[in-house]
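The next block is run-v4.cif, given as mmCIF, C-alpha atoms.
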data_my_file
loop_
_atom_site.label_atom_id
_atom_site.label_comp_id
_atom_site.auth_asym_id
_atom_site.auth_seq_id
_atom_site.Cartn_x
_atom_site.Cartn_y
_atom_site.Cartn_z
CA MET A 1 -7.88 -36.04 -9.80
CA ALA A 2 -4.59 -34.97 -8.24
CA THR A 3 -3.98 -31.25 -8.37
CA ALA A 4 -0.56 -30.29 -9.66
CA LYS A 5 1.79 -28.59 -7.24
CA PRO A 6 2.16 -24.84 -7.60
CA ILE A 7 5.27 -23.88 -9.55
CA LEU A 8 7.56 -21.13 -8.32
CA TYR A 9 9.73 -19.53 -10.99
CA ASN A 10 12.63 -18.09 -9.06
CA ALA A 11 16.37 -17.99 -8.55
CA TRP A 12 18.52 -18.77 -5.54
CA ILE A 13 19.94 -15.29 -5.08
CA SER A 14 16.77 -13.26 -5.69
CA SER A 15 15.60 -11.65 -2.44
CA CYS A 16 12.09 -11.23 -3.86
CA SER A 17 11.99 -14.97 -4.55
CA HIS A 18 13.40 -15.64 -1.07
CA ARG A 19 10.34 -13.92 0.47
CA VAL A 20 7.92 -16.20 -1.36
CA ARG A 21 9.93 -19.33 -0.51
CA ILE A 22 9.61 -18.43 3.18
CA ALA A 23 5.85 -17.84 2.83
CA LEU A 24 5.33 -21.16 1.02
CA ASN A 25 7.37 -22.99 3.65
CA LEU A 26 5.51 -21.37 6.56
CA LYS A 27 2.20 -22.35 4.99
CA GLY A 28 3.39 -25.91 4.36
CA VAL A 29 2.79 -25.63 0.60
CA ASP A 30 4.67 -28.23 -1.41
CA TYR A 31 5.80 -26.53 -4.59
CA GLU A 32 7.91 -27.20 -7.66
CA TYR A 33 11.06 -25.07 -7.79
CA ARG A 34 11.79 -23.86 -11.32
CA SER A 35 15.02 -21.96 -11.65
CA VAL A 36 14.97 -19.21 -14.24
CA ASN A 37 17.29 -16.47 -15.43
CA PRO A 38 15.00 -13.86 -16.99
CA LEU A 39 17.96 -12.21 -18.73
CA THR A 40 18.71 -15.31 -20.74
CA ASP A 41 15.41 -17.21 -20.90
CA PRO A 42 13.29 -15.73 -23.73
CA ASP A 43 10.23 -17.85 -22.82
CA TYR A 44 9.93 -16.38 -19.34
CA GLU A 45 8.31 -13.23 -20.69
CA LYS A 46 5.15 -15.26 -21.33
CA ILE A 47 5.00 -16.03 -17.62
CA ASN A 48 5.83 -12.51 -16.46
CA PRO A 49 5.86 -9.71 -19.04
CA ILE A 50 8.05 -7.48 -16.89
CA LYS A 51 10.60 -10.32 -16.71
CA TYR A 52 11.22 -10.19 -12.99
CA ILE A 53 11.18 -13.11 -10.60
CA PRO A 54 9.41 -14.62 -8.77
CA ALA A 55 6.25 -15.79 -10.48
CA LEU A 56 3.82 -18.39 -9.18
CA VAL A 57 1.73 -20.67 -11.35
CA ASP A 58 -1.08 -22.30 -9.37
CA GLY A 59 -3.51 -24.14 -11.62
CA ASP A 60 -4.73 -21.57 -14.12
CA ILE A 61 -3.55 -18.62 -12.04
CA VAL A 62 -0.23 -16.96 -12.92
CA ILE A 63 0.90 -14.21 -10.58
CA SER A 64 4.02 -12.17 -10.29
CA ASP A 65 5.39 -9.76 -7.74
CA SER A 66 6.25 -11.11 -4.34
CA LEU A 67 3.66 -9.05 -2.46
CA ALA A 68 0.84 -10.02 -4.82
CA ILE A 69 1.93 -13.67 -4.57
CA SER A 70 2.17 -13.50 -0.75
CA LEU A 71 -1.31 -12.00 -0.44
CA TYR A 72 -2.68 -14.67 -2.84
CA LEU A 73 -1.07 -17.40 -0.70
CA GLU A 74 -2.60 -15.76 2.36
CA ASP A 75 -6.08 -16.13 0.85
CA LYS A 76 -5.62 -19.59 -0.62
CA TYR A 77 -3.59 -21.39 2.07
CA PRO A 78 -4.89 -20.60 5.54
CA ALA A 79 -2.11 -22.36 7.50
CA HIS A 80 0.07 -19.88 9.35
CA PRO A 81 -1.73 -16.63 8.61
CA LEU A 82 0.72 -13.85 7.79
CA LEU A 83 -1.53 -10.87 8.45
CA PRO A 84 -3.14 -10.13 11.83
CA LYS A 85 -6.84 -9.32 12.04
CA ASP A 86 -6.08 -6.18 14.06
CA LEU A 87 -6.08 -3.33 11.54
CA LYS A 88 -3.20 -1.41 13.15
CA ARG A 89 -0.88 -4.42 13.27
CA LYS A 90 -1.95 -5.46 9.78
CA ALA A 91 -1.13 -1.98 8.48
CA LEU A 92 2.27 -2.00 10.20
CA ASN A 93 3.09 -5.33 8.57
CA LEU A 94 2.11 -3.99 5.14
CA GLN A 95 4.05 -0.77 5.72
CA ILE A 96 7.24 -2.62 6.65
CA ALA A 97 6.81 -5.06 3.74
CA ASN A 98 6.41 -2.09 1.42
CA ILE A 99 9.46 -0.26 2.77
CA VAL A 100 11.42 -3.35 1.74
CA CYS A 101 9.75 -4.00 -1.62
CA SER A 102 9.24 -0.41 -2.78
CA SER A 103 11.84 1.72 -0.99
CA ILE A 104 14.85 -0.58 -0.66
CA GLN A 105 14.94 -3.52 -3.06
CA PRO A 106 14.03 -1.73 -6.33
CA LEU A 107 16.99 0.62 -5.85
CA GLN A 108 19.21 -2.30 -4.90
CA GLY A 109 18.05 -4.04 -8.09
CA TYR A 110 18.73 -0.91 -10.13
CA ALA A 111 22.29 -0.69 -8.78
CA VAL A 112 22.99 -4.39 -9.30
CA ILE A 113 21.77 -4.24 -12.91
CA GLY A 114 23.69 -1.00 -13.46
CA LEU A 115 26.90 -2.71 -12.40
CA HIS A 116 26.11 -5.78 -14.46
CA LYS A 117 25.54 -3.68 -17.58
CA GLY A 118 28.64 -1.56 -17.01
CA ASN A 119 26.68 1.68 -16.49
CA MET A 120 28.28 2.28 -13.12
CA SER A 121 31.38 1.30 -11.21
CA SER A 122 31.32 -1.21 -8.38
CA ASP A 123 31.87 1.63 -5.88
CA GLN A 124 28.93 3.61 -7.25
CA SER A 125 26.72 0.54 -7.28
CA LEU A 126 27.58 -0.42 -3.71
CA GLN A 127 27.08 3.15 -2.54
CA ILE A 128 23.54 3.27 -3.94
CA VAL A 129 22.63 -0.08 -2.40
CA GLN A 130 24.04 0.81 1.00
CA HIS A 131 22.35 4.22 0.96
CA TYR A 132 18.89 2.77 0.38
CA ILE A 133 19.30 -0.16 2.74
CA ASP A 134 20.48 2.24 5.45
CA LYS A 135 17.59 4.64 4.84
CA GLY A 136 15.03 1.83 4.96
CA PHE A 137 16.56 0.01 7.93
CA ARG A 138 16.84 3.20 10.00
CA ALA A 139 13.18 3.95 9.33
CA ILE A 140 12.15 0.42 10.32
CA GLU A 141 14.22 0.65 13.52
CA LYS A 142 12.28 3.84 14.41
CA LEU A 143 8.92 2.26 13.53
CA LEU A 144 9.76 -0.72 15.77
CA ASP A 145 11.33 1.37 18.55
CA GLY A 146 10.74 -0.39 21.88
CA CYS A 147 9.80 -3.68 20.20
CA GLU A 148 10.07 -6.47 22.79
CA SER A 149 8.20 -9.19 20.95
CA LYS A 150 9.92 -12.23 19.53
CA TYR A 151 9.41 -11.06 15.96
CA ALA A 152 8.76 -7.71 14.35
CA THR A 153 5.08 -7.27 15.20
CA GLY A 154 4.40 -9.99 17.74
CA ASP A 155 5.35 -13.43 18.90
CA ASP A 156 4.29 -15.06 15.65
CA VAL A 157 6.08 -14.66 12.35
CA GLN A 158 4.07 -12.29 10.14
CA LEU A 159 4.32 -10.66 6.71
CA SER A 160 6.87 -8.06 7.82
CA ASP A 161 9.23 -10.83 8.99
CA VAL A 162 8.85 -12.64 5.65
CA PHE A 163 9.97 -9.46 3.87
CA LEU A 164 12.62 -8.37 6.36
CA GLU A 165 14.73 -11.50 6.47
CA PRO A 166 15.63 -11.69 2.76
CA GLN A 167 16.58 -7.99 2.79
CA ILE A 168 18.73 -8.41 5.91
CA HIS A 169 20.29 -11.55 4.47
CA ALA A 170 21.16 -9.80 1.20
CA GLY A 171 22.54 -6.85 3.13
CA ILE A 172 24.86 -9.02 5.20
CA ASN A 173 25.93 -11.49 2.52
CA ARG A 174 26.17 -9.32 -0.56
CA PHE A 175 26.43 -5.65 0.43
CA GLN A 176 28.63 -5.47 3.56
CA ILE A 177 25.88 -4.03 5.76
CA ASP A 178 26.94 -3.62 9.38
CA MET A 179 23.91 -4.88 11.30
CA SER A 180 25.21 -3.51 14.63
CA LYS A 181 23.71 -0.18 13.48
CA TYR A 182 20.26 -1.79 13.43
CA PRO A 183 19.98 -3.69 16.72
CA ILE A 184 16.30 -4.64 16.46
CA LEU A 185 16.74 -6.01 12.94
CA ALA A 186 19.93 -7.82 14.01
CA ARG A 187 18.05 -9.49 16.85
CA LEU A 188 15.15 -10.41 14.55
CA HIS A 189 17.55 -11.92 12.00
CA ASP A 190 19.02 -14.19 14.68
CA ALA A 191 15.52 -15.28 15.65
CA TYR A 192 14.57 -15.99 12.02
CA MET A 193 17.62 -18.20 11.57
CA GLU A 194 16.23 -20.56 14.22
CA ILE A 195 13.13 -21.27 12.16
CA PRO A 196 13.20 -24.22 9.72
CA ALA A 197 10.90 -22.49 7.19
CA PHE A 198 13.43 -19.64 6.99
CA GLN A 199 16.47 -21.92 6.95
CA ALA A 200 15.10 -24.01 4.09
CA ALA A 201 14.42 -20.84 2.05
CA LEU A 202 17.98 -19.47 2.28
CA PRO A 203 19.67 -18.81 -1.07
CA LYS A 204 22.52 -21.22 -0.35
CA ASN A 205 20.02 -24.06 0.24
CA GLN A 206 18.31 -23.77 -3.15
CA PRO A 207 18.75 -26.33 -5.94
CA ASP A 208 20.33 -23.75 -8.27
CA ALA A 209 22.75 -22.31 -5.72
CA PRO A 210 26.36 -22.73 -6.80
CA SER A 211 28.21 -25.43 -4.89
CA SER A 212 30.93 -23.92 -2.77
CA MET B 1 -17.39 12.36 21.50
CA ALA B 2 -16.77 13.47 17.95
CA VAL B 3 -14.10 11.49 16.19
CA GLY B 4 -11.68 13.64 14.20
CA LYS B 5 -11.49 13.26 10.46
CA PRO B 6 -8.59 11.20 9.18
CA ILE B 7 -5.63 13.38 8.25
CA LEU B 8 -3.78 12.78 5.02
CA TYR B 9 -0.23 14.07 4.88
CA SER B 10 0.27 14.63 1.19
CA ALA B 11 2.01 16.73 -1.42
CA TRP B 12 0.22 17.97 -4.49
CA ILE B 13 2.64 16.54 -7.01
CA SER B 14 3.24 13.18 -5.30
CA SER B 15 1.80 10.34 -7.36
CA CYS B 16 1.80 8.11 -4.25
CA SER B 17 -0.37 10.68 -2.46
CA PHE B 18 -2.58 10.97 -5.54
CA ARG B 19 -3.38 7.22 -5.26
CA VAL B 20 -4.61 7.61 -1.69
CA ARG B 21 -6.62 10.75 -2.50
CA ILE B 22 -8.47 8.77 -5.18
CA ALA B 23 -9.16 5.89 -2.78
CA LEU B 24 -10.45 8.24 -0.06
CA ASN B 25 -12.71 9.96 -2.58
CA LEU B 26 -14.06 6.69 -3.99
CA LYS B 27 -14.88 5.53 -0.47
CA GLY B 28 -16.54 8.82 0.41
CA VAL B 29 -14.15 9.48 3.31
CA ASP B 30 -14.03 13.10 4.41
CA TYR B 31 -10.43 13.85 5.34
CA GLU B 32 -8.22 16.74 6.33
CA TYR B 33 -5.51 17.56 3.78
CA ARG B 34 -2.20 18.45 5.35
CA ALA B 35 0.43 19.54 2.89
CA VAL B 36 3.98 18.42 3.61
CA ALA B 37 6.70 20.67 2.28
CA TRP B 38 9.87 19.19 0.83
CA ASN B 39 12.32 18.34 3.65
CA ASP B 40 9.96 19.35 6.47
CA PRO B 41 11.97 18.27 9.58
CA ASP B 42 8.86 17.59 11.70
CA TYR B 43 7.42 15.12 9.24
CA GLU B 44 9.90 12.43 10.28
CA LYS B 45 7.86 11.92 13.47
CA ILE B 46 4.89 10.97 11.31
CA ASN B 47 6.82 8.80 8.85
CA PRO B 48 10.42 7.87 9.69
CA ILE B 49 11.28 7.25 6.05
CA LYS B 50 10.04 10.78 5.29
CA PHE B 51 7.98 9.90 2.22
CA VAL B 52 4.43 11.05 1.61
CA PRO B 53 1.68 10.02 1.96
CA ALA B 54 0.86 9.14 5.56
CA LEU B 55 -2.58 8.71 7.09
CA VAL B 56 -3.43 9.52 10.68
CA ASP B 57 -6.71 7.97 11.76
CA GLY B 58 -7.38 8.59 15.46
CA ASP B 59 -4.31 7.39 17.35
CA PHE B 60 -3.07 5.37 14.42
CA VAL B 61 -0.48 6.37 11.83
CA VAL B 62 0.21 4.40 8.67
CA SER B 63 2.46 5.19 5.71
CA ASP B 64 3.02 3.80 2.25
CA SER B 65 0.22 4.15 -0.23
CA LEU B 66 -0.48 0.42 -0.56
CA ALA B 67 -0.57 -0.12 3.21
CA ILE B 68 -2.85 2.92 3.60
CA ILE B 69 -5.21 1.82 0.83
CA LEU B 70 -5.48 -1.75 2.13
CA TYR B 71 -6.26 -0.24 5.56
CA LEU B 72 -8.98 1.92 3.98
CA GLU B 73 -10.28 -1.19 2.21
CA ASP B 74 -10.77 -2.93 5.56
CA LYS B 75 -12.12 0.07 7.43
CA TYR B 76 -14.40 1.70 4.89
CA SER B 77 -16.61 -0.75 3.08
CA GLN B 78 -17.94 1.63 0.43
CA HIS B 79 -16.64 0.99 -3.08
CA PRO B 80 -14.55 -2.10 -2.48
CA LEU B 81 -11.28 -1.93 -4.41
CA LEU B 82 -10.38 -5.62 -4.40
CA PRO B 83 -12.55 -8.33 -5.98
CA GLN B 84 -13.35 -11.52 -4.06
CA ASP B 85 -12.22 -13.63 -7.02
CA LEU B 86 -8.62 -14.66 -6.27
CA LYS B 87 -7.42 -14.39 -9.88
CA LYS B 88 -8.81 -10.88 -10.37
CA LYS B 89 -7.62 -9.84 -6.92
CA ALA B 90 -4.12 -11.07 -7.74
CA ILE B 91 -3.95 -9.19 -11.04
CA ASN B 92 -5.03 -6.00 -9.27
CA LEU B 93 -2.27 -6.43 -6.69
CA GLN B 94 0.27 -7.30 -9.38
CA ILE B 95 -0.51 -4.19 -11.42
CA ALA B 96 -0.50 -1.99 -8.30
CA ASN B 97 2.90 -3.42 -7.40
CA ILE B 98 4.33 -2.91 -10.89
CA VAL B 99 3.52 0.77 -10.38
CA CYS B 100 4.63 1.12 -6.77
CA SER B 101 7.70 -1.14 -6.81
CA SER B 102 8.91 -1.29 -10.41
CA ILE B 103 8.13 2.16 -11.81
CA GLN B 104 7.65 4.90 -9.21
CA PRO B 105 10.69 4.23 -6.98
CA LEU B 106 13.00 4.56 -9.98
CA GLN B 107 11.13 7.64 -11.18
CA CYS B 108 11.60 9.11 -7.71
CA TYR B 109 15.30 8.17 -7.69
CA ALA B 110 15.75 10.01 -10.98
CA VAL B 111 13.80 13.09 -9.86
CA ILE B 112 15.70 13.37 -6.58
CA GLY B 113 18.98 12.73 -8.39
CA LEU B 114 18.27 15.69 -10.64
CA LEU B 115 17.32 17.94 -7.70
CA ASP B 116 20.46 16.91 -5.78
CA GLY B 117 22.66 17.51 -8.77
CA ARG B 118 23.86 13.89 -8.86
CA LEU B 119 22.21 13.25 -12.20
CA GLY B 120 22.16 15.42 -15.28
CA SER B 121 18.76 16.18 -16.79
CA ASP B 122 19.33 13.78 -19.72
CA ASP B 123 20.27 10.89 -17.43
CA SER B 124 17.35 11.63 -15.12
CA PHE B 125 14.91 11.74 -18.01
CA GLN B 126 16.34 8.55 -19.48
CA ILE B 127 15.88 6.62 -16.22
CA VAL B 128 12.28 7.78 -15.85
CA HIS B 129 11.47 6.88 -19.44
CA THR B 130 13.14 3.49 -19.24
CA TYR B 131 11.20 2.39 -16.19
CA ILE B 132 7.84 3.87 -17.16
CA ASP B 133 8.14 2.24 -20.59
CA LYS B 134 9.16 -1.13 -19.13
CA GLY B 135 6.28 -1.10 -16.66
CA PHE B 136 3.66 0.17 -19.09
CA ARG B 137 4.63 -2.34 -21.77
CA ALA B 138 4.35 -5.16 -19.25
CA ILE B 139 0.91 -3.96 -18.11
CA GLU B 140 -0.27 -3.72 -21.74
CA LYS B 141 0.76 -7.38 -22.20
CA LEU B 142 -0.88 -8.48 -18.95
CA LEU B 143 -4.12 -6.82 -19.99
CA GLU B 144 -3.97 -7.81 -23.66
CA GLY B 145 -7.43 -8.20 -25.13
CA CYS B 146 -9.05 -6.27 -22.28
CA ASP B 147 -12.40 -4.95 -23.40
CA SER B 148 -13.80 -3.88 -20.05
CA LYS B 149 -14.36 -0.25 -19.10
CA TYR B 150 -11.44 -0.23 -16.68
CA ALA B 151 -8.35 -2.37 -16.14
CA THR B 152 -9.92 -5.44 -14.56
CA GLY B 153 -13.63 -4.98 -15.10
CA ASP B 154 -16.41 -2.44 -15.38
CA GLU B 155 -15.84 -1.18 -11.84
CA ILE B 156 -12.88 0.86 -10.65
CA GLN B 157 -10.52 -1.38 -8.69
CA LEU B 158 -7.11 -1.16 -7.03
CA ALA B 159 -5.22 -1.42 -10.31
CA ASP B 160 -6.99 1.69 -11.63
CA VAL B 161 -6.25 3.64 -8.43
CA PHE B 162 -2.54 2.97 -8.97
CA LEU B 163 -2.51 3.37 -12.75
CA ALA B 164 -4.17 6.80 -12.99
CA PRO B 165 -1.51 8.72 -11.01
CA GLN B 166 1.36 7.00 -12.83
CA ILE B 167 -0.13 7.76 -16.23
CA HIS B 168 -0.91 11.33 -15.16
CA ALA B 169 2.69 11.85 -14.04
CA GLY B 170 3.95 10.34 -17.28
CA VAL B 171 1.80 12.60 -19.40
CA THR B 172 2.12 15.87 -17.45
CA ARG B 173 5.71 15.68 -16.20
CA PHE B 174 7.71 13.27 -18.31
CA GLN B 175 6.49 13.61 -21.89
CA ILE B 176 5.39 9.99 -22.16
CA ASP B 177 3.74 9.27 -25.50
CA MET B 178 0.64 7.34 -24.46
CA SER B 179 -0.09 6.26 -28.05
CA ASN B 180 2.50 3.54 -27.33
CA TYR B 181 0.19 2.13 -24.65
CA PRO B 182 -3.32 2.08 -26.15
CA LEU B 183 -5.08 0.27 -23.30
CA LEU B 184 -3.61 2.57 -20.68
CA GLU B 185 -4.44 5.58 -22.83
CA ARG B 186 -8.05 4.43 -23.05
CA PHE B 187 -8.26 3.85 -19.29
CA TYR B 188 -6.75 7.24 -18.51
CA LYS B 189 -9.42 9.02 -20.54
CA ALA B 190 -12.08 6.99 -18.69
CA TYR B 191 -10.51 7.81 -15.27
CA MET B 192 -10.52 11.52 -15.98
CA GLU B 193 -14.34 11.37 -16.41
CA ILE B 194 -14.76 10.21 -12.81
CA PRO B 195 -15.19 12.91 -10.12
CA ALA B 196 -13.26 10.93 -7.48
CA PHE B 197 -10.23 10.97 -9.80
CA GLU B 198 -10.76 14.49 -11.08
CA VAL B 199 -10.76 16.18 -7.67
CA ALA B 200 -7.67 14.20 -6.66
CA VAL B 201 -5.46 15.48 -9.50
CA PRO B 202 -2.28 17.28 -8.36
CA GLU B 203 -3.22 20.58 -9.94
CA LYS B 204 -6.38 20.81 -7.81
CA GLN B 205 -4.76 20.27 -4.41
CA PRO B 206 -4.58 23.10 -1.84
CA ASP B 207 -0.76 23.19 -2.04
CA ALA B 208 -0.55 23.19 -5.83
CA PRO B 209 1.09 26.31 -7.20
CA SER B 210 -1.36 28.80 -8.75
CA PRO B 211 -1.35 28.56 -12.51
CA VAL B 212 0.75 31.28 -14.15
#

Here is the file; what I need is its structure written in the form of structure tokens.
Amino acid sequence: MATAKPILYNAWISSCSHRVRIALNLKGVDYEYRSVNPLTDPDYEKINPIKYIPALVDGDIVISDSLAISLYLEDKYPAHPLLPKDLKRKALNLQIANIVCSSIQPLQGYAVIGLHKGNMSSDQSLQIVQHYIDKGFRAIEKLLDGCESKYATGDDVQLSDVFLEPQIHAGINRFQIDMSKYPILARLHDAYMEIPAFQAALPKNQPDAPSS
Amino acid sequence: MAVGKPILYSAWISSCSFRVRIALNLKGVDYEYRAVAWNDPDYEKINPIKFVPALVDGDFVVSDSLAIILYLEDKYSQHPLLPQDLKKKAINLQIANIVCSSIQPLQCYAVIGLLDGRLGSDDSFQIVHTYIDKGFRAIEKLLEGCDSKYATGDEIQLADVFLAPQIHAGVTRFQIDMSNYPLLERFYKAYMEIPAFEVAVPEKQPDAPSPV
């Protein structure tokens, strides 16, 4: 009996969804892309009660939160492991991923929603986003000080890279971040853009991206 | 050669530190508690983003409570915190991430905003309540029908380690009415019966202020 493809509920512009698209591509997982706007789709709450994207449905498993999904994919699809066996490097990958998904993006999301709802001005919103991106990026630059490897924690793409690229991409394309202040991250971003799995996951390449 | 005890950089009131204290206690790890004062300039060398907690284990430094706890999970095999079953493992990670990405960073933003004078006390309180309520309601839905002792079974797992500090903060600092969240209220009472949780509570830490 053919197993159905996993379904990824996501949206083109969502940086959290972008992370999971990269992970699925790296692992060669063929998935069904289901575009969803949680603000306007009342049924989505049954998939993810907190109404954030992404969510993955794989058989009878429904998971949300990009880190939980990524770690599930890591267990289920062994192609292109994203976490090293070495405990120090594994921890560094998780730390960097968490700086992005706990210390940067939630505040970015808060500011974007605040602007959307009219609770703050566009200047205030942008200021909050830039403050938290700067704080997180400066910390990551210090953590990776002296990094000479091709990617953040070695010469293979790992979990930290999967989380870094969508945040860098959002910073450049949506929030006027000047990447010259973060030379290691700028170099890594250029390296990521050479990789087909990253290219295919870009927001502009998604089926629900607006045509220019 | 004697190996030094791991050092936990922590602050009594920090719910992120509280999570790691619970995990260390559950795993029977004897550690040195090092209190970090607010805005300690030396702490940046330990964690460039200047958040607590951080763990120093030999020559190795890791920050971010989820990265630390997953490191402890690999290194110290006592009391495993993640099930082997992929579905149960994923729900544990999802709940942990709701707390550490969707609730606590916004709570922290509101608390710091109040301390900095950028937010009035009403606004600060409102933000905390909004995000705790949103997260707790989602977790209640995810765990609907749960009749096990703890969140994902009759053993303490990762979800419980993350839930207890968030509920504790809600109850003791932010006037959250737990009768709105009956499952979480039931779990919290069960957690507070467990010594590993009890000794980790903020009020019992070496840097907690003496009761008036």

Report task. Write out as an NGL selection string the residues lying within 10 Å of region 5-15 of chain A, counting all atoms listed in the file and excluding same-chain residues fewer than 2 positions away. Result -> :A and (2-3 or 17-21 or 24 or 29-38 or 44 or 47-48 or 52-59 or 61-64 or 66 or 101 or 105 or 109 or 163-170 or 174 or 201-210)

On this structure, which residues satisfy the PyMOL selection byres ((chain B) within 6 of (chain A)), written as a CSV table (one decimal) with C-alpha atoms, in the frame of the given file?
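Final output, saved to part_10.csv:
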chain,number,residue,atom,x,y,z
B,48,PRO,CA,10.4,7.9,9.7
B,49,ILE,CA,11.3,7.2,6.0
B,64,ASP,CA,3.0,3.8,2.2
B,67,ALA,CA,-0.6,-0.1,3.2
B,90,ALA,CA,-4.1,-11.1,-7.7
B,93,LEU,CA,-2.3,-6.4,-6.7
B,94,GLN,CA,0.3,-7.3,-9.4
B,101,SER,CA,7.7,-1.1,-6.8
B,138,ALA,CA,4.4,-5.2,-19.2

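Here CA of Pro84 (chain A) stands at a distance of 11.0 Å from CA of Ser160 (chain A).
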
For region 187-191 of chain B: contacts at 7 Å, only C-alpha atoms, fewer than 5 positions along chain excluded, given as an mmCIF file with C-alpha atoms, in the frame of the given file:
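To be explicit, this is the file written out as part_39.cif:
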data_model
loop_
_atom_site.group_PDB
_atom_site.id
_atom_site.type_symbol
_atom_site.label_atom_id
_atom_site.label_comp_id
_atom_site.auth_asym_id
_atom_site.auth_seq_id
_atom_site.Cartn_x
_atom_site.Cartn_y
_atom_site.Cartn_z
ATOM 1 C CA TYR B 150 -11.440 -0.230 -16.680
ATOM 2 C CA ALA B 151 -8.350 -2.370 -16.140
ATOM 3 C CA ALA B 164 -4.170 6.800 -12.990
ATOM 4 C CA PHE B 197 -10.230 10.970 -9.800
#

Report task. Expand the PyMOL selection byres ((chain B and resi 168-174) around 12) into the individual residues it matches in the shown file, reporting them as a PyMOL selection string. Result -> chain B and resi 12-16+18-19+99+103-104+107-108+110-111+121-122+124-133+135-136+160-167+175-179+181+184-185+187-189+191-192+197-198+200-203

Query - Atom pair CA of Ser65 (chain B) / CA of Leu142 (chain B): separation (Å) - result: 22.6 Å

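Coordinates place CA of Phe60 (chain B) at a distance of 22.9 Å from CA of Leu185 (chain A).
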
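When the distance limit is 10 Å and only C-alpha atoms are what count, the residues near region 31-35 of chain B, minus those fewer than 2 positions from it on the same chain, are Gly4, Lys5, Pro6, Ile7, Leu8, Tyr9, Ser10, Ala11, Trp12, Arg21, Leu24, Asn25, Gly28, Val29, Ala37, Trp38, Val52, Pro53, Ala54, Leu55, Val56, Asp57, Gln205, Pro206, Asp207 and Ala208 of chain B.
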
Query raised in the report: Which residues match the PyMOL selection byres ((chain B and resi 80) around 12) in the file above, as a PyMOL selection string?
Result: chain B and resi 23-24+26-28+69-79+81-84+89+155-158+161

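Ranking B:Leu66, B:Leu119, B:Leu106, B:Leu183 by their shortest atom-to-atom distance to Ala111 (chain A), with all atoms listed in the file included, puts B:Leu106 first.
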
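Across A:Ala79, A:Leu26, A:Leu39, A:Ala4, the tightest approach to Gln199 (chain A) is made by A:Leu26 when counting all atoms listed in the file.
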
Enclose all atoms of region 80-84 of chain B listed in the file in an axis-aligned box, grow every side by 8 Å, and hand back centre and edge lengths in Å to one decimal, as JSON.
{"center_x": -12.5, "center_y": -6.7, "center_z": -4.2, "size_x": 20.2, "size_y": 25.6, "size_z": 19.5}

Take region 158-167 of chain A from the preceding structure and save N, CA, C and O atoms as an mmCIF file, in the first residue's frame.
data_model
loop_
_atom_site.group_PDB
_atom_site.id
_atom_site.type_symbol
_atom_site.label_atom_id
_atom_site.label_comp_id
_atom_site.auth_asym_id
_atom_site.auth_seq_id
_atom_site.Cartn_x
_atom_site.Cartn_y
_atom_site.Cartn_z
ATOM 1 N N GLN A 158 24.191 21.755 8.778
ATOM 2 C CA GLN A 158 23.605 21.157 9.979
ATOM 3 C C GLN A 158 22.398 21.980 10.441
ATOM 4 O O GLN A 158 22.016 22.961 9.791
ATOM 5 N N LEU A 159 21.861 21.602 11.604
ATOM 6 C CA LEU A 159 20.625 22.234 12.093
ATOM 7 C C LEU A 159 20.757 23.748 12.216
ATOM 8 O O LEU A 159 19.835 24.490 11.873
ATOM 9 N N SER A 160 21.906 24.218 12.688
ATOM 10 C CA SER A 160 22.056 25.665 12.873
ATOM 11 C C SER A 160 21.930 26.385 11.533
ATOM 12 O O SER A 160 21.317 27.450 11.445
ATOM 13 N N ASP A 161 22.449 25.810 10.471
ATOM 14 C CA ASP A 161 22.354 26.426 9.137
ATOM 15 C C ASP A 161 20.900 26.493 8.680
ATOM 16 O O ASP A 161 20.455 27.483 8.087
ATOM 17 N N VAL A 162 20.160 25.416 8.960
ATOM 18 C CA VAL A 162 18.744 25.331 8.572
ATOM 19 C C VAL A 162 17.930 26.440 9.249
ATOM 20 O O VAL A 162 16.989 26.975 8.670
ATOM 21 N N PHE A 163 18.335 26.799 10.486
ATOM 22 C CA PHE A 163 17.628 27.854 11.208
ATOM 23 C C PHE A 163 18.162 29.242 10.877
ATOM 24 O O PHE A 163 17.430 30.228 10.882
ATOM 25 N N LEU A 164 19.461 29.329 10.580
ATOM 26 C CA LEU A 164 20.055 30.638 10.315
ATOM 27 C C LEU A 164 19.558 31.252 9.007
ATOM 28 O O LEU A 164 19.209 32.433 8.959
ATOM 29 N N GLU A 165 19.553 30.454 7.945
ATOM 30 C CA GLU A 165 19.264 31.040 6.641
ATOM 31 C C GLU A 165 17.908 31.736 6.584
ATOM 32 O O GLU A 165 17.813 32.876 6.115
ATOM 33 N N PRO A 166 16.813 31.126 7.040
ATOM 34 C CA PRO A 166 15.537 31.843 6.966
ATOM 35 C C PRO A 166 15.540 33.150 7.763
ATOM 36 O O PRO A 166 14.904 34.123 7.368
ATOM 37 N N GLN A 167 16.279 33.178 8.881
ATOM 38 C CA GLN A 167 16.315 34.405 9.677
ATOM 39 C C GLN A 167 17.119 35.479 8.951
ATOM 40 O O GLN A 167 16.741 36.655 8.947
#
